[in-house]
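Printed here is work34.txt (compact mmCIF, C-alpha atoms and all ligand atoms):
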```txt
# COMPACT_ATOMS: atom_id res chain seq x y z
CA MET A 1 -37.81 33.89 22.46
CA ASP A 2 -39.97 36.33 24.43
CA PHE A 3 -38.51 38.20 27.39
CA GLU A 4 -41.67 40.25 27.99
CA LEU A 5 -43.60 39.58 31.18
CA SER A 6 -47.32 38.88 30.95
CA GLU A 7 -49.80 41.34 32.46
CA THR A 8 -50.34 38.99 35.41
CA GLN A 9 -46.61 38.67 36.04
CA GLN A 10 -46.19 42.44 35.90
CA LEU A 11 -49.13 42.91 38.27
CA ILE A 12 -47.80 40.44 40.84
CA ARG A 13 -44.33 41.99 40.67
CA GLN A 14 -45.74 45.50 41.09
CA THR A 15 -47.99 44.40 43.97
CA ALA A 16 -45.00 42.84 45.75
CA ARG A 17 -42.80 45.86 44.99
CA ASP A 18 -45.35 48.39 46.29
CA PHE A 19 -45.94 46.41 49.46
CA ALA A 20 -42.23 45.82 50.03
CA THR A 21 -41.36 49.49 49.57
CA ALA A 22 -44.20 50.86 51.69
CA GLU A 23 -44.48 48.28 54.45
CA LEU A 24 -41.52 45.92 54.62
CA GLU A 25 -38.43 47.98 53.92
CA PRO A 26 -38.90 50.76 56.50
CA GLY A 27 -38.88 48.41 59.54
CA ALA A 28 -36.60 45.68 58.19
CA GLY A 29 -33.46 46.76 60.07
CA GLU A 30 -35.36 47.21 63.32
CA ARG A 31 -37.11 43.82 63.08
CA GLU A 32 -33.73 42.24 62.39
CA ARG A 33 -32.16 43.86 65.46
CA LYS A 34 -35.07 42.80 67.68
CA GLY A 35 -35.46 39.36 66.09
CA GLU A 36 -39.13 40.16 65.60
CA PHE A 37 -41.20 37.71 63.54
CA PRO A 38 -43.18 39.70 60.93
CA GLY A 39 -46.57 38.12 61.81
CA ALA A 40 -48.87 41.06 60.96
CA LEU A 41 -46.97 41.78 57.74
CA LEU A 42 -47.30 38.17 56.64
CA ARG A 43 -51.07 38.35 57.10
CA LYS A 44 -51.20 41.42 54.86
CA MET A 45 -49.09 39.60 52.28
CA ALA A 46 -51.54 36.72 52.37
CA GLU A 47 -54.36 39.18 51.64
CA LEU A 48 -52.41 40.33 48.59
CA GLY A 49 -52.08 36.73 47.35
CA LEU A 50 -48.38 36.41 48.11
CA MET A 51 -48.73 33.22 50.18
CA GLY A 52 -50.13 31.23 47.27
CA VAL A 53 -48.70 32.77 44.12
CA ASN A 54 -48.48 29.42 42.30
CA VAL A 55 -51.43 27.80 44.08
CA PRO A 56 -54.79 27.12 42.35
CA GLU A 57 -57.54 29.67 42.98
CA ARG A 58 -59.85 26.99 44.40
CA PHE A 59 -57.48 26.67 47.37
CA GLY A 60 -57.20 30.41 47.85
CA GLY A 61 -54.11 30.96 45.69
CA VAL A 62 -53.77 33.48 42.88
CA GLU A 63 -52.64 30.87 40.33
CA ALA A 64 -50.21 33.33 38.76
CA GLY A 65 -47.48 30.77 38.04
CA VAL A 66 -43.86 30.16 38.92
CA VAL A 67 -42.33 33.12 37.05
CA ALA A 68 -44.66 35.48 38.93
CA TYR A 69 -43.68 33.75 42.17
CA ALA A 70 -39.95 34.24 41.45
CA LEU A 71 -40.50 37.91 40.59
CA ALA A 72 -42.51 38.48 43.78
CA MET A 73 -39.85 36.75 45.87
CA MET A 74 -37.13 39.00 44.40
CA GLU A 75 -39.13 42.10 45.37
CA ILE A 76 -39.90 40.94 48.90
CA ALA A 77 -36.29 39.86 49.53
CA ARG A 78 -35.00 43.19 48.24
CA ALA A 79 -36.83 44.80 51.18
CA CYS A 80 -36.67 42.14 53.91
CA ALA A 81 -34.89 38.81 53.47
CA SER A 82 -36.35 37.41 56.71
CA THR A 83 -39.88 37.94 55.47
CA ALA A 84 -38.88 36.50 52.12
CA VAL A 85 -37.67 33.18 53.53
CA THR A 86 -40.86 32.87 55.59
CA MET A 87 -42.91 33.54 52.46
CA ALA A 88 -40.83 31.07 50.44
CA VAL A 89 -41.37 28.16 52.81
CA THR A 90 -45.09 28.90 53.21
CA ASN A 91 -45.60 28.95 49.43
CA MET A 92 -43.56 25.76 49.14
CA VAL A 93 -45.65 23.97 51.78
CA ALA A 94 -48.90 25.04 50.08
CA GLU A 95 -47.59 23.74 46.75
CA ILE A 96 -46.47 20.42 48.26
CA ILE A 97 -49.88 19.79 49.82
CA CYS A 98 -51.63 20.75 46.57
CA LYS A 99 -49.44 18.41 44.53
CA PHE A 100 -49.18 15.39 46.81
CA GLY A 101 -52.12 15.66 49.23
CA ASP A 102 -55.57 14.16 48.91
CA ASP A 103 -58.55 16.44 48.68
CA SER A 104 -59.30 16.52 52.41
CA GLN A 105 -55.65 17.41 53.19
CA ARG A 106 -55.75 20.17 50.58
CA GLN A 107 -59.03 21.55 51.90
CA ALA A 108 -57.84 21.32 55.51
CA HIS A 109 -54.58 23.22 55.11
CA VAL A 110 -54.02 25.07 51.84
CA PRO A 111 -56.72 27.77 52.22
CA LYS A 112 -55.38 28.47 55.72
CA LEU A 113 -51.84 28.89 54.36
CA THR A 114 -52.88 31.13 51.48
CA SER A 115 -55.31 33.27 53.52
CA GLY A 116 -52.93 33.89 56.40
CA ALA A 117 -55.13 31.97 58.88
CA TYR A 118 -51.93 30.00 59.47
CA PRO A 119 -49.11 32.49 60.14
CA ALA A 120 -46.78 30.24 58.10
CA GLY A 121 -46.05 26.72 56.93
CA ALA A 122 -42.90 24.74 57.77
CA PHE A 123 -40.83 22.15 55.94
CA ALA A 124 -39.04 19.73 58.26
CA LEU A 125 -36.48 17.54 56.52
CA THR A 126 -33.11 18.40 58.14
CA GLU A 127 -32.03 16.64 61.34
CA PRO A 128 -29.09 17.21 63.71
CA GLY A 129 -27.19 14.39 61.97
CA SER A 130 -28.41 14.80 58.39
CA GLY A 131 -28.66 17.89 56.19
CA SER A 132 -27.11 17.42 52.76
CA ASP A 133 -27.48 13.66 53.14
CA ALA A 134 -31.22 13.89 53.72
CA ALA A 135 -31.82 10.20 52.97
CA ALA A 136 -29.88 9.37 56.14
CA LEU A 137 -32.60 10.87 58.35
CA ARG A 138 -33.38 8.98 61.55
CA THR A 139 -36.73 10.26 62.78
CA THR A 140 -39.05 7.25 62.86
CA ALA A 141 -42.77 6.84 62.30
CA ARG A 142 -44.32 3.54 63.31
CA ARG A 143 -47.89 2.44 62.86
CA ASP A 144 -49.85 2.28 66.07
CA GLY A 145 -53.52 1.35 66.09
CA GLY A 146 -55.09 3.44 63.38
CA GLY A 147 -52.39 6.11 63.41
CA TRP A 148 -48.67 6.83 63.62
CA VAL A 149 -46.15 7.50 66.40
CA LEU A 150 -43.17 9.77 65.59
CA ASN A 151 -39.85 9.91 67.42
CA GLY A 152 -36.84 12.04 66.55
CA THR A 153 -35.62 15.61 66.09
CA LYS A 154 -35.76 18.02 63.17
CA GLN A 155 -33.17 20.78 63.06
CA PHE A 156 -33.12 24.37 61.64
CA ILE A 157 -36.82 24.47 60.82
CA THR A 158 -37.83 27.83 59.37
CA SER A 159 -41.06 29.12 61.01
CA GLY A 160 -41.27 25.95 63.12
CA ALA A 161 -42.63 27.87 66.12
CA HIS A 162 -45.32 29.65 64.07
CA ALA A 163 -46.40 27.11 61.47
CA GLY A 164 -50.03 26.02 61.26
CA VAL A 165 -48.80 22.89 59.51
CA ASN A 166 -45.38 21.22 59.28
CA VAL A 167 -44.47 18.87 56.44
CA VAL A 168 -42.29 16.27 58.19
CA TRP A 169 -40.21 13.45 56.76
CA ALA A 170 -39.75 10.30 58.84
CA ARG A 171 -38.55 6.74 58.37
CA THR A 172 -41.35 4.17 58.07
CA GLY A 173 -39.21 1.40 56.58
CA GLY A 174 -35.60 0.28 56.17
CA PRO A 175 -32.54 2.46 55.55
CA GLY A 176 -32.12 4.74 52.54
CA PRO A 177 -34.56 6.83 50.55
CA LYS A 178 -37.15 4.08 50.01
CA GLY A 179 -37.92 3.85 53.73
CA ILE A 180 -39.03 7.48 54.06
CA SER A 181 -42.59 8.82 54.24
CA THR A 182 -44.08 12.31 54.55
CA PHE A 183 -46.51 13.51 57.21
CA LEU A 184 -48.56 16.62 57.90
CA VAL A 185 -48.11 17.62 61.52
CA THR A 186 -50.13 20.35 63.21
CA PRO A 187 -48.74 22.23 66.24
CA ASP A 188 -51.36 20.75 68.62
CA THR A 189 -49.92 17.24 68.08
CA PRO A 190 -49.36 15.53 71.46
CA GLY A 191 -45.66 14.75 71.91
CA LEU A 192 -44.41 17.57 69.62
CA LYS A 193 -42.10 20.01 71.37
CA ILE A 194 -40.66 23.16 69.83
CA GLY A 195 -37.01 23.86 70.63
CA PRO A 196 -35.49 27.25 71.47
CA GLU A 197 -35.00 29.79 68.72
CA GLU A 198 -31.59 29.65 67.02
CA LYS A 199 -29.44 32.77 67.39
CA LYS A 200 -28.45 33.34 63.80
CA MET A 201 -25.87 35.40 61.91
CA GLY A 202 -28.63 36.91 59.76
CA LEU A 203 -32.32 36.51 58.88
CA ARG A 204 -32.97 37.19 62.55
CA ALA A 205 -36.57 38.22 61.98
CA SER A 206 -37.25 34.75 60.61
CA ASN A 207 -37.88 31.94 63.05
CA THR A 208 -35.56 28.90 63.12
CA VAL A 209 -36.13 26.13 65.68
CA SER A 210 -35.82 22.41 66.22
CA LEU A 211 -38.90 20.21 66.38
CA VAL A 212 -38.70 17.34 68.85
CA PHE A 213 -41.03 14.35 68.51
CA GLU A 214 -41.40 12.22 71.63
CA ASP A 215 -44.00 9.55 70.96
CA ALA A 216 -45.88 12.16 68.98
CA ARG A 217 -49.26 10.77 67.91
CA LEU A 218 -50.63 11.42 64.45
CA PRO A 219 -53.88 10.23 62.90
CA ALA A 220 -53.78 7.92 59.86
CA SER A 221 -54.86 10.91 57.75
CA ALA A 222 -51.52 12.65 58.47
CA LEU A 223 -49.68 10.54 55.88
CA LEU A 224 -49.04 12.67 52.76
CA GLY A 225 -48.83 10.61 49.59
CA GLU A 226 -47.93 6.93 49.72
CA GLU A 227 -45.98 5.22 52.45
CA GLY A 228 -42.32 4.87 51.42
CA ARG A 229 -42.65 7.54 48.69
CA GLY A 230 -41.63 10.49 50.85
CA PHE A 231 -38.13 11.02 49.48
CA PRO A 232 -39.25 11.88 45.92
CA ILE A 233 -41.71 14.37 47.47
CA ALA A 234 -38.81 16.06 49.29
CA MET A 235 -36.66 16.15 46.15
CA THR A 236 -39.49 17.58 44.02
CA ALA A 237 -40.18 20.22 46.68
CA LEU A 238 -36.50 21.14 46.89
CA ASP A 239 -36.25 21.63 43.13
CA GLY A 240 -39.00 24.25 43.39
CA GLY A 241 -37.60 25.60 46.65
CA ARG A 242 -34.31 26.30 44.89
CA ILE A 243 -36.08 28.76 42.59
CA GLY A 244 -37.37 30.50 45.73
CA VAL A 245 -33.96 30.73 47.43
CA ALA A 246 -32.27 31.81 44.20
CA SER A 247 -34.86 34.58 43.85
CA GLN A 248 -34.35 35.54 47.47
CA ALA A 249 -30.59 35.89 46.87
CA ILE A 250 -31.18 38.02 43.77
CA GLY A 251 -33.49 40.28 45.79
CA ILE A 252 -30.87 40.76 48.51
CA GLY A 253 -28.14 41.32 45.92
CA THR A 254 -30.29 43.90 44.11
CA ALA A 255 -30.78 45.84 47.34
CA ALA A 256 -27.03 45.72 47.99
CA LEU A 257 -26.19 46.96 44.48
CA GLU A 258 -28.71 49.80 44.78
CA ALA A 259 -27.21 50.82 48.12
CA ALA A 260 -23.71 50.70 46.60
CA VAL A 261 -24.70 52.90 43.63
CA ARG A 262 -26.35 55.44 45.97
CA TYR A 263 -23.35 55.56 48.26
CA ALA A 264 -20.79 55.70 45.44
CA LYS A 265 -22.46 58.83 44.06
CA GLU A 266 -22.51 60.56 47.46
CA ARG A 267 -19.14 59.70 48.98
CA CYS A 268 -16.22 61.80 47.82
CA THR A 269 -12.52 60.98 48.04
CA PHE A 270 -9.60 62.73 46.37
CA GLY A 271 -11.92 65.51 45.26
CA LYS A 272 -14.59 63.49 43.47
CA PRO A 273 -17.38 61.00 44.14
CA ILE A 274 -15.98 57.49 44.52
CA ALA A 275 -18.33 56.50 41.63
CA GLU A 276 -15.84 58.28 39.38
CA HIS A 277 -12.99 55.98 40.37
CA GLN A 278 -12.67 53.16 37.87
CA ALA A 279 -12.10 50.55 40.59
CA ILE A 280 -15.54 51.32 42.02
CA GLN A 281 -17.18 51.43 38.59
CA TRP A 282 -15.88 47.99 37.74
CA MET A 283 -17.23 46.55 40.95
CA LEU A 284 -20.65 48.04 40.18
CA ALA A 285 -20.58 46.79 36.58
CA ASP A 286 -19.58 43.27 37.65
CA SER A 287 -22.38 43.19 40.22
CA ASP A 288 -25.01 44.38 37.75
CA THR A 289 -23.89 41.83 35.17
CA GLU A 290 -23.76 38.91 37.59
CA LEU A 291 -27.20 39.69 38.99
CA ASP A 292 -28.72 39.96 35.55
CA ALA A 293 -27.20 36.65 34.45
CA ALA A 294 -28.54 35.04 37.64
CA ARG A 295 -31.99 36.52 37.04
CA LEU A 296 -32.14 35.03 33.54
CA LEU A 297 -31.10 31.58 34.78
CA VAL A 298 -33.69 31.60 37.56
CA LEU A 299 -36.50 32.85 35.36
CA ARG A 300 -35.71 30.10 32.85
CA ALA A 301 -36.02 27.49 35.62
CA ALA A 302 -39.31 29.07 36.74
CA TRP A 303 -40.58 29.14 33.14
CA LEU A 304 -39.81 25.43 32.71
CA LYS A 305 -41.48 24.49 36.00
CA GLU A 306 -44.53 26.52 35.04
CA ARG A 307 -44.84 24.49 31.84
CA GLY A 308 -44.53 21.16 33.63
CA ARG A 309 -41.17 20.50 31.95
CA PRO A 310 -38.10 19.03 33.74
CA PHE A 311 -36.26 21.82 35.58
CA THR A 312 -33.99 20.11 38.15
CA ARG A 313 -30.80 21.06 36.28
CA GLU A 314 -31.89 24.63 35.60
CA ALA A 315 -33.06 25.17 39.20
CA SER A 316 -29.72 23.89 40.52
CA MET A 317 -27.78 26.12 38.12
CA GLY A 318 -29.99 29.06 39.00
CA LYS A 319 -29.52 28.50 42.71
CA LEU A 320 -25.76 27.99 42.45
CA VAL A 321 -25.13 31.06 40.30
CA SER A 322 -27.62 33.38 42.05
CA THR A 323 -26.54 32.68 45.58
CA GLU A 324 -22.81 32.80 44.88
CA SER A 325 -23.19 35.95 42.74
CA ALA A 326 -25.39 37.64 45.33
CA ASN A 327 -22.79 36.95 48.01
CA ARG A 328 -20.12 38.58 45.83
CA VAL A 329 -22.44 41.52 45.11
CA CYS A 330 -23.07 42.02 48.84
CA ALA A 331 -19.34 41.82 49.59
CA ARG A 332 -18.59 44.45 46.90
CA ALA A 333 -21.36 46.74 48.21
CA PHE A 334 -19.85 46.37 51.65
CA GLN A 335 -16.37 47.22 50.31
CA ILE A 336 -17.69 50.29 48.49
CA HIS A 337 -19.12 51.58 51.79
CA GLY A 338 -15.69 51.53 53.43
CA GLY A 339 -15.90 51.74 57.23
CA TYR A 340 -19.57 52.77 57.05
CA GLY A 341 -20.44 49.36 55.66
CA TYR A 342 -19.39 47.86 58.95
CA VAL A 343 -21.89 49.76 61.10
CA GLU A 344 -25.64 49.36 61.42
CA ASP A 345 -26.41 52.89 60.18
CA TYR A 346 -26.23 51.48 56.66
CA PRO A 347 -28.05 48.31 55.56
CA VAL A 348 -25.19 46.60 53.72
CA GLU A 349 -23.91 44.69 56.74
CA ARG A 350 -27.41 43.21 57.07
CA TYR A 351 -27.52 42.30 53.37
CA LEU A 352 -24.17 40.55 53.70
CA ARG A 353 -25.30 38.58 56.78
CA ASP A 354 -28.73 37.73 55.33
CA CYS A 355 -27.28 36.60 52.03
CA ARG A 356 -24.69 34.28 53.51
CA VAL A 357 -27.05 31.39 54.23
CA THR A 358 -28.41 31.25 50.69
CA THR A 359 -25.45 29.10 49.59
CA ILE A 360 -26.29 26.73 52.46
CA TYR A 361 -30.00 26.05 52.72
CA GLU A 362 -32.18 24.32 50.12
CA GLY A 363 -29.02 22.39 49.17
CA THR A 364 -25.52 23.83 49.60
CA SER A 365 -23.46 25.00 46.61
CA GLU A 366 -21.54 21.73 46.82
CA ILE A 367 -24.78 19.76 46.59
CA GLN A 368 -25.89 21.81 43.56
CA ARG A 369 -22.57 20.99 41.86
CA MET A 370 -23.06 17.33 42.75
CA VAL A 371 -26.55 17.33 41.19
CA LEU A 372 -25.26 19.07 38.06
CA ALA A 373 -22.18 16.89 37.64
CA ARG A 374 -24.24 13.75 38.13
CA MET A 375 -26.69 14.79 35.41
CA LEU A 376 -23.91 15.84 33.05
CA LEU A 377 -21.99 12.60 33.45
CA ARG A 378 -25.10 10.42 33.28
CA ASP A 379 -26.40 12.04 30.09
C1 LIG B 401 -31.29 29.64 58.68
C2 LIG B 401 -31.53 28.23 58.23
C3 LIG B 401 -32.82 27.84 57.88
C4 LIG B 401 -33.07 26.52 57.49
N1 LIG B 401 -34.36 26.14 57.22
C5 LIG B 401 -34.62 24.81 56.99
C6 LIG B 401 -35.97 24.35 56.88
O1 LIG B 401 -36.93 25.14 56.93
N2 LIG B 401 -36.18 23.03 56.73
C7 LIG B 401 -35.16 22.13 56.66
O2 LIG B 401 -35.44 20.94 56.52
N3 LIG B 401 -33.87 22.53 56.75
C8 LIG B 401 -33.59 23.84 56.93
N4 LIG B 401 -32.27 24.27 57.06
C9 LIG B 401 -31.19 23.30 56.99
C10 LIG B 401 -30.36 23.40 55.72
O3 LIG B 401 -31.09 22.97 54.61
C11 LIG B 401 -29.08 22.57 55.96
O4 LIG B 401 -28.30 23.28 56.92
C12 LIG B 401 -28.30 22.34 54.70
O5 LIG B 401 -28.99 21.46 53.84
C13 LIG B 401 -26.90 21.77 54.98
O6 LIG B 401 -26.95 20.68 55.85
P1 LIG B 401 -25.99 20.62 57.13
O7 LIG B 401 -26.11 21.93 57.81
O8 LIG B 401 -26.32 19.40 57.87
O9 LIG B 401 -24.54 20.53 56.52
P2 LIG B 401 -23.78 19.16 56.09
O10 LIG B 401 -24.67 18.36 55.22
O11 LIG B 401 -23.23 18.54 57.30
O12 LIG B 401 -22.61 19.75 55.21
C14 LIG B 401 -21.44 20.35 55.77
C15 LIG B 401 -20.53 20.78 54.63
O13 LIG B 401 -20.12 19.63 53.89
C16 LIG B 401 -20.47 19.80 52.53
N5 LIG B 401 -20.83 18.50 51.96
C17 LIG B 401 -21.75 17.62 52.45
N6 LIG B 401 -21.80 16.54 51.67
C18 LIG B 401 -20.93 16.74 50.64
C19 LIG B 401 -20.54 16.00 49.50
N7 LIG B 401 -21.08 14.81 49.20
N8 LIG B 401 -19.59 16.52 48.69
C20 LIG B 401 -19.04 17.72 48.95
N9 LIG B 401 -19.36 18.47 50.02
C21 LIG B 401 -20.30 17.99 50.85
C22 LIG B 401 -21.62 20.77 52.53
O14 LIG B 401 -21.78 21.40 51.27
C23 LIG B 401 -21.21 21.70 53.63
O15 LIG B 401 -20.29 22.63 53.13
C24 LIG B 401 -32.01 25.60 57.41
C25 LIG B 401 -30.70 26.01 57.75
C26 LIG B 401 -30.46 27.30 58.15
C27 LIG B 401 -29.07 27.70 58.54
```

Show how you would write the structure in this file as structure tokens.
Amino acid sequence: MDFELSETQQLIRQTARDFATAELEPGAGERERKGEFPGALLRKMAELGLMGVNVPERFGGVEAGVVAYALAMMEIARACASTAVTMAVTNMVAEIICKFGDDSQRQAHVPKLTSGAYPAGAFALTEPGSGSDAAALRTTARRDGGGWVLNGTKQFITSGAHAGVNVVWARTGGPGPKGISTFLVTPDTPGLKIGPEEKKMGLRASNTVSLVFEDARLPASALLGEEGRGFPIAMTALDGGRIGVASQAIGIGTAALEAAVRYAKERCTFGKPIAEHQAIQWMLADSDTELDAARLLVLRAAWLKERGRPFTREASMGKLVSTESANRVCARAFQIHGGYGYVEDYPVERYLRDCRVTTIYEGTSEIQRMVLARMLLRD
């Protein structure tokens, strides 16, 4: 077993770390307070290859693999979780189009995602009435002339107001997963309306909106993959997406632990730094251990995906453990800061708020447990 990173993986991690430290971290709190989408920063990240880490070079990616992607995501999230989720979805959209699109779809969209010509990509599966139960979605797509007409609403779509392309799931047949197809929808589509921005607990510098389709007209070429085969595309994308969200959570947790260590060494009570109280030391040790265990699980899932091996179970475990651990790590960092954790002068309140959603999106913790239990009982 080899735990060493390759030169490419080290290079990507260092590139992400340098950029995150110099450019993302300093303004992260301010962007969060203003709810400012990091458009210019995302373009710079695209120039560094961070919008197509696991995308083939011929489509403008850096083809560095899934482990490199996970490492980069951890570094970006450690500095700015809002930027990280935007990066995660854009990479995911580029990968979906590469894997399931035809050559003209790949050529039309992937280089624009990886180069930053599109500010972001969006993934539109969730609806007001269906999140965990994605196969219950109700948006319809019916054939009309040579194209398609979409009706329905997508909810909580990350980067939906900025995306150059949205991957949208809609019902083309009967009920259940077999009646679902996937479409590529550009923002100039007639009949597509973008809803108001959600006012969120955290990740406020990321954009979250609804997408409303009212007789929205798409050309025949908008269909991604085969008609009726959309649900497996969504499930495959979510498996990979879970590695991204898990890495995001680890990045936020790492930032929280670092802040806690710094503060514990500075703050004195009862005549000594609080870092010398055993209660604080144990919190720090638990956080370090939990984050490291999470990191190993996620990197294993990334390693399997990179080799084309099955990784659904490992990605679910990685997501479950990372996001729940990172939430505990953020809560401990907050506790270690005492009253100062509760005010904006210190970043831990932001880490805690940003981290909270990681056990929700890309499949809640309950859904991960369902996936895992189902596999365990079936096998
Ligand atoms: C900030 C943010 C960004 C998002 N970005 C995107 C995006 O870009 N694209 C996208 O498509 N979606 C996105 N989502 C949606 C997200 O994926 C869903 O919110 C999530 O999947 C949960 O769905 P739901 O909110 O409908 O909750 P529900 O599915 O209604 O679940 C409610 C609760 O019931 C539990 N539950 C549900 N079913 C079961 C079960 N069978 N057994 C046990 N418990 C169960 C859930 O775990 C949860 O605790 C985003 C959400 C947020 C908040």

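Compared by their closest atoms to Arg313 in chain A, and using all atoms listed in the file, the residues A:Val371, A:Val212, A:Leu291, A:Val329 rank with A:Val371 nearest.
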
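From CA of Gly228 in chain A back to CA of Trp148 in chain A, the distance works out to 13.9 Å.
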
Which residues are close to range 120-135 of chain A, i.e. within 9 Å by only C-alpha atoms, leaving aside same-chain residues fewer than 2 positions away? Reply as a PyMOL selection string. chain A and resi 39+42+51+86-87+89-94+113+116-118+137-139+152-170+175-180+210-211+231+234+361-364+367

With all atoms listed in the file as the basis for distance, which of A:Thr83, A:Thr172, A:Asn54, A:Thr189 is at the shortest distance from Ala70 in chain A? A:Asn54

Excluding same-chain residues fewer than 6 positions from Ala302 in chain A, what lies within 7 Å of it counting only C-alpha atoms, as a PDB file with C-alpha atoms, in the coordinates of the input?
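So the final result, stored in result06.pdb, reads:
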```
ATOM      1  CA  VAL A  66     -43.860  30.160  38.920  1.00  0.00           C
ATOM      2  CA  VAL A  67     -42.330  33.120  37.050  1.00  0.00           C
ATOM      3  CA  ILE A 243     -36.080  28.760  42.590  1.00  0.00           C
TER       4      ILE A 243
END
```

Per-residue nearest contacts range 61-149 of chain A to range 7-21 of chain A, cut-off 9 Å, using only C-alpha atoms, as CSV:
```
residue,atom,partner,partner_atom,distance
A:Ala64,CA,A:Thr8,CA,6.6
A:Gly65,CA,A:Gln9,CA,8.2
A:Val67,CA,A:Gln9,CA,7.1
A:Ala68,CA,A:Gln9,CA,4.7
A:Tyr69,CA,A:Ile12,CA,8.0
A:Ala70,CA,A:Arg13,CA,8.9
A:Leu71,CA,A:Arg13,CA,5.6
A:Ala72,CA,A:Arg13,CA,5.0
A:Met73,CA,A:Ala16,CA,8.0
A:Met74,CA,A:Arg13,CA,8.6
A:Glu75,CA,A:Arg17,CA,5.3
A:Ile76,CA,A:Ala20,CA,5.5
A:Ala77,CA,A:Ala20,CA,8.4
A:Arg78,CA,A:Ala20,CA,7.9
A:Ala79,CA,A:Ala20,CA,5.6
A:Cys80,CA,A:Ala20,CA,7.7
```

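Taking CA of Gln105 in chain A and CA of Thr186 in chain A as endpoints, the distance between them is 11.8 Å.
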
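Take CA of Gly202 in chain A and atom C5 of ligand LIG 401 (chain B): the distance between them is 13.8 Å.
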
Return as a Markdown table the residues of range 159-260 of chain A lying at most 12 Å from range 280-289 of chain A, together with the closest atom-to-atom pair for each and the distance in Å to one decimal, counting all atoms listed in the file, with rows in chain order and ascending residue number.
```
| residue | atom | partner | partner_atom | distance |
| --- | --- | --- | --- | --- |
| A:Ile250 | CA | A:Asp288 | CA | 10.7 |
| A:Gly253 | CA | A:Ser287 | CA | 8.3 |
| A:Thr254 | CA | A:Asp288 | CA | 8.3 |
| A:Ala255 | CA | A:Asp288 | CA | 11.3 |
| A:Ala256 | CA | A:Ser287 | CA | 9.4 |
| A:Leu257 | CA | A:Ser287 | CA | 6.8 |
| A:Glu258 | CA | A:Leu284 | CA | 9.4 |
| A:Ala259 | CA | A:Leu284 | CA | 10.7 |
| A:Ala260 | CA | A:Leu284 | CA | 7.6 |
```

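Between ligand LIG 401 (chain B) and the candidates A:Ser206, A:Gln248, A:Gln107, A:Ser181, the tightest atom-to-atom separation, counting all atoms listed in the file, involves A:Ser206.
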
Rank nothing, just name the residue among A:Ala205, A:Ala264, A:Ile336, A:Leu184 nearest to ligand LIG 401 (chain B), using only C-alpha atoms and all ligand atoms. A:Ala205
